[in-house]
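Colleague: File name input-v5.cif; file contents mmCIF, C-alpha atoms; full text below.
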data_model
loop_
_atom_site.label_atom_id
_atom_site.label_comp_id
_atom_site.auth_asym_id
_atom_site.auth_seq_id
_atom_site.Cartn_x
_atom_site.Cartn_y
_atom_site.Cartn_z
CA MET Q 1 92.18 104.76 80.94
CA GLY Q 2 90.95 108.28 81.54
CA GLY Q 3 87.39 106.98 81.59
CA LEU Q 4 88.28 104.19 84.00
CA LEU Q 5 90.00 106.59 86.40
CA ALA Q 6 87.03 108.95 86.22
CA THR Q 7 84.59 106.09 86.91
CA GLY Q 8 86.55 105.08 90.00
CA ILE Q 9 86.48 108.60 91.40
CA LEU Q 10 82.76 108.90 90.61
CA VAL Q 11 82.05 105.75 92.62
CA ASN Q 12 84.39 106.99 95.34
CA PHE Q 13 82.52 110.24 95.79
CA LEU Q 14 79.14 108.53 95.55
CA ASP Q 15 80.18 106.64 98.70
CA ARG Q 16 81.28 109.82 100.44
CA THR Q 17 78.24 111.89 99.52
CA ALA Q 18 75.72 109.36 100.82
CA LEU Q 19 76.13 110.48 104.44
CA SER Q 20 75.52 114.13 103.55
CA VAL Q 21 72.26 113.19 101.82
CA ALA Q 22 71.22 111.06 104.80
CA SER Q 23 72.35 113.59 107.43
CA SER Q 24 68.91 114.87 108.46
CA SER Q 25 67.44 111.36 108.68
CA ILE Q 26 70.39 110.11 110.72
CA ALA Q 27 70.17 113.14 113.03
CA ASP Q 28 66.48 112.40 113.63
CA ASP Q 29 67.10 108.67 114.23
CA PHE Q 30 69.96 109.19 116.68
CA GLY Q 31 68.85 112.53 118.22
CA LEU Q 32 71.85 114.59 117.08
CA ASP Q 33 72.18 118.39 117.09
CA LEU Q 34 74.23 120.28 114.47
CA GLY Q 35 77.45 120.09 116.47
CA GLN Q 36 77.12 116.33 117.00
CA LEU Q 37 76.14 115.82 113.38
CA GLY Q 38 79.29 117.68 112.37
CA VAL Q 39 81.36 115.09 114.28
CA VAL Q 40 79.67 112.24 112.39
CA LEU Q 41 80.01 113.99 109.03
CA SER Q 42 83.70 114.69 109.60
CA ALA Q 43 84.60 111.14 110.76
CA PHE Q 44 85.47 110.08 107.22
CA THR Q 45 87.98 112.88 106.89
CA TRP Q 46 89.87 111.92 110.07
CA SER Q 47 91.09 108.57 108.76
CA TYR Q 48 91.21 109.76 105.14
CA CYS Q 49 93.53 112.56 106.22
CA LEU Q 50 95.85 110.32 108.26
CA VAL Q 51 96.39 107.81 105.46
CA GLN Q 52 97.22 110.35 102.74
CA LEU Q 53 100.98 110.36 103.24
CA PRO Q 54 101.33 106.56 103.57
CA ALA Q 55 98.90 106.11 100.67
CA GLY Q 56 101.02 108.38 98.48
CA LEU Q 57 104.18 106.46 99.36
CA LEU Q 58 102.45 103.11 98.75
CA VAL Q 59 101.22 104.31 95.35
CA ASP Q 60 104.83 105.11 94.41
CA LEU Q 61 106.11 101.79 95.80
CA LEU Q 62 103.39 99.33 94.71
CA GLY Q 63 101.80 101.09 91.76
CA VAL Q 64 98.25 102.25 91.21
CA SER Q 65 96.85 98.96 89.95
CA ARG Q 66 97.56 96.69 92.92
CA LEU Q 67 96.81 99.19 95.65
CA THR Q 68 93.46 100.23 94.16
CA ARG Q 69 92.33 96.60 93.83
CA ILE Q 70 92.53 96.17 97.60
CA ALA Q 71 91.13 99.60 98.42
CA ALA Q 72 88.11 99.37 96.12
CA ALA Q 73 86.96 96.11 97.71
CA LEU Q 74 86.95 97.83 101.10
CA TRP Q 75 84.69 100.62 99.81
CA SER Q 76 81.90 98.07 99.48
CA VAL Q 77 82.52 96.64 102.96
CA ALA Q 78 82.37 100.12 104.51
CA GLY Q 79 79.05 100.85 102.77
CA LEU Q 80 77.47 97.69 104.12
CA LEU Q 81 78.71 98.40 107.65
CA THR Q 82 77.17 101.88 107.48
CA ALA Q 83 73.85 100.40 106.34
CA VAL Q 84 73.63 98.11 109.38
CA ALA Q 85 75.01 100.57 111.98
CA GLY Q 86 72.87 100.54 115.11
CA GLY Q 87 74.23 103.69 116.71
CA VAL Q 88 76.62 106.59 116.43
CA GLY Q 89 79.67 104.52 117.41
CA PRO Q 90 79.33 101.87 114.66
CA LEU Q 91 78.40 104.60 112.19
CA ILE Q 92 81.61 106.52 112.93
CA ALA Q 93 83.64 103.29 112.74
CA ALA Q 94 82.26 102.51 109.28
CA ARG Q 95 83.10 106.01 108.08
CA LEU Q 96 86.62 105.69 109.46
CA LEU Q 97 87.06 102.47 107.47
CA LEU Q 98 85.81 104.20 104.33
CA GLY Q 99 88.36 106.97 104.89
CA VAL Q 100 91.20 104.44 105.04
CA ALA Q 101 89.93 102.56 101.98
CA GLU Q 102 89.51 105.68 99.85
CA GLY Q 103 92.84 107.17 100.91
CA PRO Q 104 94.73 106.11 97.74
CA SER Q 105 91.99 107.19 95.31
CA MET Q 106 92.84 110.76 94.33
CA VAL Q 107 96.61 110.39 94.74
CA GLY Q 108 96.43 107.22 92.65
CA ALA Q 109 94.47 109.00 89.93
CA SER Q 110 97.05 111.80 89.91
CA LYS Q 111 99.87 109.24 89.63
CA ALA Q 112 98.09 107.30 86.88
CA THR Q 113 97.36 110.46 84.89
CA ALA Q 114 101.04 111.45 85.03
CA ALA Q 115 101.94 107.94 83.79
CA TRP Q 116 99.40 107.70 80.95
CA PHE Q 117 99.08 111.20 79.49
CA PRO Q 118 101.56 113.55 77.79
CA LEU Q 119 101.69 117.17 78.93
CA SER Q 120 99.62 118.37 75.98
CA GLU Q 121 96.68 116.24 77.21
CA ARG Q 122 97.30 116.44 80.96
CA GLY Q 123 94.77 119.20 81.67
CA THR Q 124 91.88 117.36 80.02
CA ALA Q 125 92.86 114.04 81.58
CA THR Q 126 93.07 115.58 85.05
CA ALA Q 127 89.75 117.38 84.51
CA MET Q 128 88.20 114.00 83.68
CA PHE Q 129 89.01 112.35 86.99
CA ASP Q 130 88.57 115.46 89.12
CA GLY Q 131 85.44 116.43 87.17
CA ALA Q 132 84.07 113.05 88.17
CA THR Q 133 83.99 114.31 91.76
CA LYS Q 134 81.55 117.03 90.69
CA LEU Q 135 79.58 114.69 88.43
CA ALA Q 136 79.26 112.27 91.34
CA ASN Q 137 77.71 114.99 93.45
CA MET Q 138 75.36 115.98 90.63
CA VAL Q 139 74.20 112.37 90.24
CA ALA Q 140 74.44 111.33 93.88
CA PHE Q 141 72.20 113.94 95.47
CA PRO Q 142 69.03 113.24 93.45
CA VAL Q 143 69.62 109.48 93.07
CA LEU Q 144 70.44 108.87 96.71
CA ALA Q 145 67.73 111.28 97.85
CA PHE Q 146 65.22 109.25 95.82
CA VAL Q 147 66.46 105.90 97.17
CA MET Q 148 66.46 107.14 100.75
CA SER Q 149 63.07 108.81 100.42
CA GLU Q 150 61.54 105.58 99.11
CA TRP Q 151 63.30 102.93 101.22
CA GLY Q 152 65.06 104.75 104.07
CA TRP Q 153 68.58 106.06 104.56
CA ARG Q 154 70.06 102.60 105.10
CA ALA Q 155 69.04 101.53 101.58
CA GLY Q 156 71.22 104.31 100.17
CA PHE Q 157 74.33 102.73 101.66
CA VAL Q 158 73.39 99.27 100.38
CA PHE Q 159 73.12 100.88 96.94
CA THR Q 160 76.60 102.44 97.16
CA ALA Q 161 78.08 99.15 98.38
CA VAL Q 162 76.77 97.30 95.32
CA VAL Q 163 78.10 99.97 92.96
CA SER Q 164 81.52 99.80 94.64
CA ALA Q 165 81.63 96.01 94.26
CA LEU Q 166 80.88 96.28 90.55
CA PHE Q 167 83.65 98.81 90.04
CA THR Q 168 86.13 96.60 91.89
CA ALA Q 169 85.57 93.87 89.32
CA VAL Q 170 85.96 96.29 86.39
CA TRP Q 171 89.17 97.77 87.78
CA TRP Q 172 90.70 94.35 88.46
CA TRP Q 173 90.15 93.45 84.83
CA GLY Q 174 90.88 96.76 83.10
CA TYR Q 175 93.69 98.85 84.63
CA ARG Q 176 97.45 98.47 84.01
CA ASP Q 177 100.33 100.95 83.88
CA PRO Q 178 101.49 101.70 80.32
CA SER Q 179 104.64 99.59 80.82
CA ALA Q 180 102.48 96.57 81.75
CA TYR Q 181 99.71 97.09 79.17
CA ARG Q 182 100.35 94.47 76.50
CA SER Q 183 97.87 95.86 73.97
CA LEU Q 184 99.52 99.30 73.89
CA ARG Q 185 101.11 99.85 70.47
CA PRO Q 186 104.77 100.98 70.34
CA ALA Q 187 103.83 104.22 68.56
CA GLU Q 188 101.32 105.08 71.28
CA ARG Q 189 103.81 104.28 74.03
CA ALA Q 190 106.43 106.47 72.32
CA PHE Q 191 103.90 109.32 71.98
CA ILE Q 192 103.09 109.13 75.70
CA LEU Q 193 106.70 109.04 76.88
CA GLU Q 194 108.04 111.66 74.45
CA GLY Q 195 105.22 113.97 75.50
CA GLY Q 196 106.40 114.02 79.12
CA ALA Q 197 104.47 111.12 80.71
CA ARG Q 198 106.06 109.47 83.74
CA ASP Q 199 105.47 105.75 83.18
CA ALA Q 200 106.83 103.33 85.80
CA ASP Q 201 107.90 106.29 87.96
CA ARG Q 202 108.47 104.35 91.18
CA GLY Q 203 110.10 105.67 94.35
CA GLY Q 204 109.87 105.65 98.11
CA ALA Q 205 110.61 107.50 101.34
CA ARG Q 206 114.18 108.36 100.35
CA GLN Q 207 113.04 110.14 97.18
CA PHE Q 208 110.34 111.96 99.15
CA ARG Q 209 112.86 113.81 101.34
CA PRO Q 210 113.80 116.41 98.69
CA ALA Q 211 110.11 117.16 98.18
CA LEU Q 212 109.64 117.75 101.92
CA ARG Q 213 112.47 120.28 101.83
CA SER Q 214 110.93 122.19 98.92
CA GLY Q 215 109.23 125.45 99.88
CA ARG Q 216 107.31 125.40 96.61
CA ILE Q 217 105.80 121.99 97.35
CA TRP Q 218 104.60 123.28 100.73
CA LEU Q 219 103.10 126.41 99.15
CA LEU Q 220 101.22 124.27 96.63
CA SER Q 221 100.02 121.92 99.35
CA CYS Q 222 98.80 124.71 101.62
CA GLY Q 223 97.10 126.44 98.68
CA PHE Q 224 95.32 123.18 97.85
CA ALA Q 225 94.15 122.96 101.46
CA CYS Q 226 92.42 126.33 101.04
CA TYR Q 227 90.64 125.02 97.93
CA GLY Q 228 89.65 121.80 99.68
CA TYR Q 229 88.37 123.58 102.78
CA THR Q 230 85.79 125.49 100.78
CA ILE Q 231 84.62 122.90 98.28
CA ASN Q 232 84.21 120.25 100.94
CA ILE Q 233 82.11 122.34 103.31
CA VAL Q 234 79.79 122.92 100.34
CA LEU Q 235 79.83 119.20 99.56
CA THR Q 236 79.12 118.23 103.16
CA TRP Q 237 76.68 120.90 104.26
CA MET Q 238 74.73 121.92 101.12
CA PRO Q 239 71.73 119.58 101.66
CA GLU Q 240 71.56 120.47 105.36
CA PHE Q 241 71.90 124.20 104.56
CA LEU Q 242 69.02 124.07 102.06
CA GLN Q 243 66.79 122.09 104.40
CA ARG Q 244 67.42 124.23 107.51
CA GLU Q 245 67.58 127.69 105.93
CA PHE Q 246 64.70 127.27 103.44
CA HIS Q 247 62.78 124.27 104.88
CA VAL Q 248 62.92 122.27 101.66
CA ARG Q 249 62.27 118.53 101.82
CA LEU Q 250 65.01 115.90 101.43
CA LEU Q 251 64.18 114.99 97.84
CA GLN Q 252 63.78 118.64 96.84
CA SER Q 253 67.14 119.53 98.41
CA GLY Q 254 68.70 116.73 96.36
CA PHE Q 255 67.51 118.30 93.12
CA TYR Q 256 68.55 121.79 94.22
CA ALA Q 257 72.00 120.50 95.13
CA MET Q 258 72.35 118.81 91.74
CA ILE Q 259 72.42 122.12 89.83
CA PRO Q 260 75.68 123.63 91.20
CA TRP Q 261 77.54 120.37 90.67
CA ALA Q 262 76.28 120.13 87.08
CA VAL Q 263 77.56 123.64 86.39
CA ALA Q 264 80.88 122.78 88.06
CA THR Q 265 81.32 119.60 85.99
CA VAL Q 266 80.86 121.43 82.69
CA ALA Q 267 83.08 124.34 83.76
CA GLU Q 268 85.90 122.02 84.82
CA LEU Q 269 85.96 120.03 81.59
CA LEU Q 270 85.62 123.02 79.25
CA VAL Q 271 87.85 125.57 81.01
CA GLY Q 272 90.09 123.76 83.50
CA GLY Q 273 90.74 120.94 81.04
CA LEU Q 274 90.16 121.59 77.32
CA LEU Q 275 90.85 125.33 77.32
CA VAL Q 276 94.08 125.02 79.34
CA ASP Q 277 95.40 122.28 77.02
CA ARG Q 278 94.42 124.25 73.94
CA LEU Q 279 96.21 127.40 75.12
CA VAL Q 280 99.36 125.43 75.97
CA ARG Q 281 99.36 123.68 72.57
CA ARG Q 282 99.02 127.07 70.86
CA GLY Q 283 102.27 128.22 72.41
CA ARG Q 284 101.07 130.27 75.39
CA VAL Q 285 103.45 130.23 78.36
CA ALA Q 286 102.31 127.11 80.20
CA TRP Q 287 102.92 128.39 83.70
CA THR Q 288 101.21 131.71 83.03
CA VAL Q 289 98.15 129.87 81.77
CA ARG Q 290 98.06 127.54 84.75
CA ARG Q 291 98.66 130.27 87.33
CA THR Q 292 95.98 132.53 85.83
CA VAL Q 293 93.34 129.82 85.59
CA LEU Q 294 94.10 128.53 89.07
CA THR Q 295 94.02 131.86 90.90
CA CYS Q 296 91.04 133.27 88.95
CA GLY Q 297 89.10 130.08 89.66
CA LEU Q 298 89.74 130.37 93.40
CA ALA Q 299 88.72 134.04 93.31
CA LEU Q 300 85.42 133.13 91.62
CA GLY Q 301 84.92 130.49 94.32
CA ALA Q 302 84.64 133.30 96.86
CA THR Q 303 81.06 133.92 95.71
CA ILE Q 304 80.14 131.25 98.26
CA GLY Q 305 80.04 134.16 100.72
CA ALA Q 306 76.85 135.44 99.11
CA ALA Q 307 75.02 132.10 99.41
CA GLY Q 308 74.69 132.33 103.18
CA SER Q 309 72.63 135.52 102.98
CA ALA Q 310 70.54 134.57 99.94
CA GLY Q 311 66.84 135.29 100.26
CA SER Q 312 65.60 132.16 98.51
CA PRO Q 313 66.81 128.66 97.68
CA ALA Q 314 67.00 129.64 94.00
CA MET Q 315 69.42 132.51 94.71
CA ALA Q 316 71.46 130.33 97.05
CA VAL Q 317 71.79 127.80 94.23
CA VAL Q 318 72.91 130.56 91.83
CA TRP Q 319 75.70 131.72 94.15
CA MET Q 320 76.76 128.16 94.91
CA SER Q 321 76.86 127.39 91.19
CA LEU Q 322 79.21 130.31 90.54
CA SER Q 323 81.39 129.34 93.48
CA LEU Q 324 81.66 125.68 92.54
CA ALA Q 325 82.31 126.57 88.88
CA GLY Q 326 85.31 128.65 89.92
CA LEU Q 327 86.66 125.98 92.26
CA ALA Q 328 86.13 123.32 89.59
CA ILE Q 329 88.09 125.36 87.03
CA ALA Q 330 91.02 125.58 89.46
CA ALA Q 331 90.98 121.91 90.48
CA PRO Q 332 92.56 120.16 87.45
CA VAL Q 333 95.40 122.66 87.39
CA ALA Q 334 96.05 122.06 91.09
CA TRP Q 335 95.90 118.27 90.76
CA GLY Q 336 98.20 118.38 87.71
CA LEU Q 337 101.02 120.17 89.55
CA PRO Q 338 102.53 117.09 91.29
CA GLY Q 339 103.00 115.43 87.90
CA LEU Q 340 104.87 118.54 86.73
CA LEU Q 341 106.89 119.60 89.79
CA ALA Q 342 107.42 116.51 91.95
CA PRO Q 343 110.95 115.02 92.06
CA PRO Q 344 111.37 111.63 90.28
CA GLY Q 345 109.49 108.81 91.95
CA THR Q 346 107.41 111.07 94.19
CA VAL Q 347 104.29 112.04 92.21
CA GLY Q 348 102.13 109.90 94.49
CA ALA Q 349 103.87 111.07 97.66
CA VAL Q 350 103.62 114.77 96.76
CA SER Q 351 99.96 114.26 95.83
CA GLY Q 352 99.52 112.58 99.20
CA LEU Q 353 101.07 115.54 101.01
CA MET Q 354 98.76 117.90 99.12
CA ASN Q 355 95.71 115.84 99.91
CA PHE Q 356 96.80 115.35 103.54
CA LEU Q 357 96.74 119.10 104.18
CA ASN Q 358 93.58 119.42 102.07
CA THR Q 359 91.81 116.78 104.14
CA ALA Q 360 93.06 118.19 107.44
CA ALA Q 361 91.58 121.54 106.43
CA THR Q 362 88.39 119.78 105.37
CA ALA Q 363 88.02 117.99 108.71
CA GLY Q 364 88.43 121.24 110.57
CA GLY Q 365 86.15 123.04 108.15
CA VAL Q 366 83.28 120.58 108.50
CA LEU Q 367 83.43 120.83 112.29
CA LEU Q 368 83.88 124.61 112.30
CA THR Q 369 80.99 125.11 109.89
CA GLY Q 370 78.64 123.09 112.07
CA TRP Q 371 79.77 124.93 115.20
CA LEU Q 372 79.49 128.40 113.63
CA ALA Q 373 76.08 127.61 112.15
CA GLN Q 374 74.88 126.36 115.54
CA ALA Q 375 76.29 129.38 117.38
CA THR Q 376 75.05 132.06 114.97
CA GLY Q 377 71.80 130.44 113.84
CA SER Q 378 72.68 130.57 110.13
CA PHE Q 379 75.29 129.55 107.58
CA ALA Q 380 76.22 133.13 106.62
CA THR Q 381 79.22 133.34 108.97
CA PRO Q 382 80.88 130.02 108.04
CA PHE Q 383 80.46 130.80 104.33
CA LEU Q 384 82.08 134.23 104.79
CA PHE Q 385 84.95 132.61 106.64
CA ALA Q 386 85.46 130.37 103.59
CA VAL Q 387 85.96 133.52 101.50
CA ALA Q 388 88.89 134.51 103.72
CA VAL Q 389 90.36 131.02 103.38
CA LEU Q 390 90.22 131.27 99.58
CA ALA Q 391 91.97 134.65 99.65
CA VAL Q 392 94.88 132.97 101.45
CA GLY Q 393 94.87 130.22 98.82
CA VAL Q 394 95.15 132.72 95.95
CA ALA Q 395 98.17 134.36 97.61
CA LEU Q 396 99.89 131.00 98.18
CA TYR Q 397 99.44 129.76 94.62
CA TRP Q 398 100.50 133.09 93.13
CA ALA Q 399 103.74 132.92 95.11
CA ALA Q 400 104.37 129.26 94.24
CA LEU Q 401 103.78 129.67 90.49
CA ARG Q 402 105.39 133.03 89.84
CA GLN Q 403 107.85 132.89 86.95
CA ALA Q 404 111.00 133.07 89.10
CA ALA Q 405 109.83 130.18 91.30
CA VAL Q 406 109.01 127.93 88.36
CA ALA Q 407 112.25 128.60 86.51
CA ASP Q 408 114.17 126.25 88.85
CA ALA Q 409 111.48 123.56 88.93
CA GLY Q 410 114.05 120.79 88.76
CA PRO Q 411 113.24 117.52 86.98
CA ALA Q 412 109.93 118.82 85.62
CA ARG Q 413 111.58 121.76 83.87
CA GLN Q 414 112.67 119.92 80.74
CA PRO Q 415 109.35 118.31 79.78
CA LEU Q 416 107.51 121.57 80.46
CA ARG Q 417 109.14 123.11 77.39
CA VAL Q 418 107.54 120.47 75.14
#
Would you mind writing the file out in structure tokens?

Modeller:
Amino acid sequence: MGGLLATGILVNFLDRTALSVASSSIADDFGLDLGQLGVVLSAFTWSYCLVQLPAGLLVDLLGVSRLTRIAAALWSVAGLLTAVAGGVGPLIAARLLLGVAEGPSMVGASKATAAWFPLSERGTATAMFDGATKLANMVAFPVLAFVMSEWGWRAGFVFTAVVSALFTAVWWWGYRDPSAYRSLRPAERAFILEGGARDADRGGARQFRPALRSGRIWLLSCGFACYGYTINIVLTWMPEFLQREFHVRLLQSGFYAMIPWAVATVAELLVGGLLVDRLVRRGRVAWTVRRTVLTCGLALGATIGAAGSAGSPAMAVVWMSLSLAGLAIAAPVAWGLPGLLAPPGTVGAVSGLMNFLNTAATAGGVLLTGWLAQATGSFATPFLFAVAVLAVGVALYWAALRQAAVADAGPARQPLRV
């Protein structure tokens, strides 16, 4: 199940990344400057942001399996519409549809991970699906750059549409909640539930109200927005940054961009996942471990500030690799928090709130980065601004996860002592 969730997120982010890889070609075709290109690049995040809260509630009401079946089919439709877009308007419309379709993806993965995995395996399981976002970028940039270099940018979106259709079929056949999975042995089900998993944890708007009144939930959500702001401006603008600042070709920028995401994938699995679980199993205070890894990872992410003033593409890649490694280490801890702190029946909804603020910050960040780069003539200023955003994120998470705040964590308190 962990592998299936990770595959879905990998396909998801392959779809998203395609426009970043094609950005220069699309700008040339449609005569767009950096500010206008920023509008096109951010279109996905507008609809993706708006559907996060309803997607989280629907995940809690309908379950991950049914909602993802519908959503995954729409990924393929959105890819095909992008491939045949004849202008900026249809292109933006296709990206808006993709944002709606992919709205339940990350919140659904968070919900499914809380349902399938005990606390002692939660870090690794979360690192698997969130690490797939980094792996997707590592794979997507060179693969899509090759496809688009050989057959044009439209062929890249046909490719992602086919991959999405294949995943839809696999998901329809393979995913069930533990309570509905007939082949799950009783001993395995008991191990999952006794370890703190939240199988069949359904809820709705009424259960979400206590979460909305929780100051800790808002601190976590705002802290996650600071993380998302930074990692998504790197995701969106890295190919364009390398091409404009260092005049590298499309295919070459794809291979350059692959390196930081490869480093991030390994760092997330080894540190944010396996190491965190190992420390918790050895008896370390779980919240101390999570708080330390999360805040130190965000602090390391601030090295993005040095990338904007790098003297060569190689040095820019080094700084971006360090930054993305830190952000990747923090990510599975951040995504695991709804499954630990959310009131009963609201894991999906709290994840949706987190991702709503994250995506709102992303939408603003993509636009602001394009505007600042256009106004200043380089990416140094927007990357330095991202450092300030991360500093705010560290302060928010430190306040939310201090020992006194976690001591009254409500329904998640009991399983956290396992």

Colleague: How would you write, as a PyMOL selection string, the residues chosen by the PyMOL selection byres ((chain Q and resi 19) around 9) on this structure?

Modeller: chain Q and resi 15-18+20-23+26+40-41+153+156-157+236

Colleague: If you keep C-alpha atoms, can you produce a file of those selected residues as a CSV table (one decimal), keeping the file's coordinate frame?

Modeller:
chain,number,residue,atom,x,y,z
Q,15,ASP,CA,80.2,106.6,98.7
Q,16,ARG,CA,81.3,109.8,100.4
Q,17,THR,CA,78.2,111.9,99.5
Q,18,ALA,CA,75.7,109.4,100.8
Q,20,SER,CA,75.5,114.1,103.6
Q,21,VAL,CA,72.3,113.2,101.8
Q,22,ALA,CA,71.2,111.1,104.8
Q,23,SER,CA,72.4,113.6,107.4
Q,26,ILE,CA,70.4,110.1,110.7
Q,40,VAL,CA,79.7,112.2,112.4
Q,41,LEU,CA,80.0,114.0,109.0
Q,153,TRP,CA,68.6,106.1,104.6
Q,156,GLY,CA,71.2,104.3,100.2
Q,157,PHE,CA,74.3,102.7,101.7
Q,236,THR,CA,79.1,118.2,103.2

Colleague: Out of Q:Ala73, Q:Val389, Q:Val39, Q:Leu270, which residue has the shortest atom-to-atom distance to Q:Leu367 when counting all atoms listed in the file?

Modeller: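 Result for the nearest residue to Q:Leu367: Q:Val39.
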
Colleague: Using only C-alpha atoms, find the one residue out of Q:Gly86, Q:Pro118, Q:Pro313, Q:Gly308 that sits nearest to Q:Val248.

Modeller: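 Answer, going by the shortest atom-to-atom distance: Q:Pro313.
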
Colleague: From the options Q:Phe246, Q:Leu337, Q:Glu121, Q:Thr7, which residue's atoms come nearest to Q:Met315, counting all atoms listed in the file?

Modeller: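 The answer is Q:Phe246, which sits nearest to Q:Met315.
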
Colleague: Between Q:Ala306, Q:Val234, Q:Val350, Q:Leu275, which one has atoms that come closest to Q:Lys134, using all atoms listed in the file?

Modeller: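 Once distances to Q:Lys134 are computed over all atoms listed in the file, the minimum belongs to Q:Val234.
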
Colleague: Excluding Q:Ala363 and its own-chain neighbours fewer than 4 positions away, which residues fall within 10 Å of it when counting all atoms listed in the file? Please give them as a ChimeraX atom specification.

Modeller: /Q:38-39,41-49,228-229,232-233,357-359,367-368

Colleague: What does the structure give for the distance between atom CA of Q:Ala325 and atom CA of Q:Ala386, in Å to one decimal?

Modeller: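 Value for the atom CA of Q:Ala325-atom CA of Q:Ala386 distance: 15.5 Å.
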
Colleague: State, in Å with one decimal place, the distance from atom CA of Q:Ala400 to atom CA of Q:Leu219.

Modeller: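 Between atom CA of Q:Ala400 and atom CA of Q:Leu219 the gap works out to 5.8 Å.
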
Colleague: State, in Å with one decimal place, the distance from atom CA of Q:Ala360 to atom CA of Q:Ala225.

Modeller: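 According to the coordinates, atom CA of Q:Ala360 and atom CA of Q:Ala225 are separated by 7.7 Å.
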
Colleague: Can you turn the PyMOL selection byres ((chain Q and resi 132) around 8) into a concrete residue list for this file, as a list in words?

Modeller: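 On the file shown, the PyMOL selection byres ((chain Q and resi 132) around 8) covers Ala6, Thr7, Ile9, Leu10, Met128, Phe129, Asp130, Gly131, Thr133, Lys134, Leu135, Ala136 and Thr265 of chain Q.
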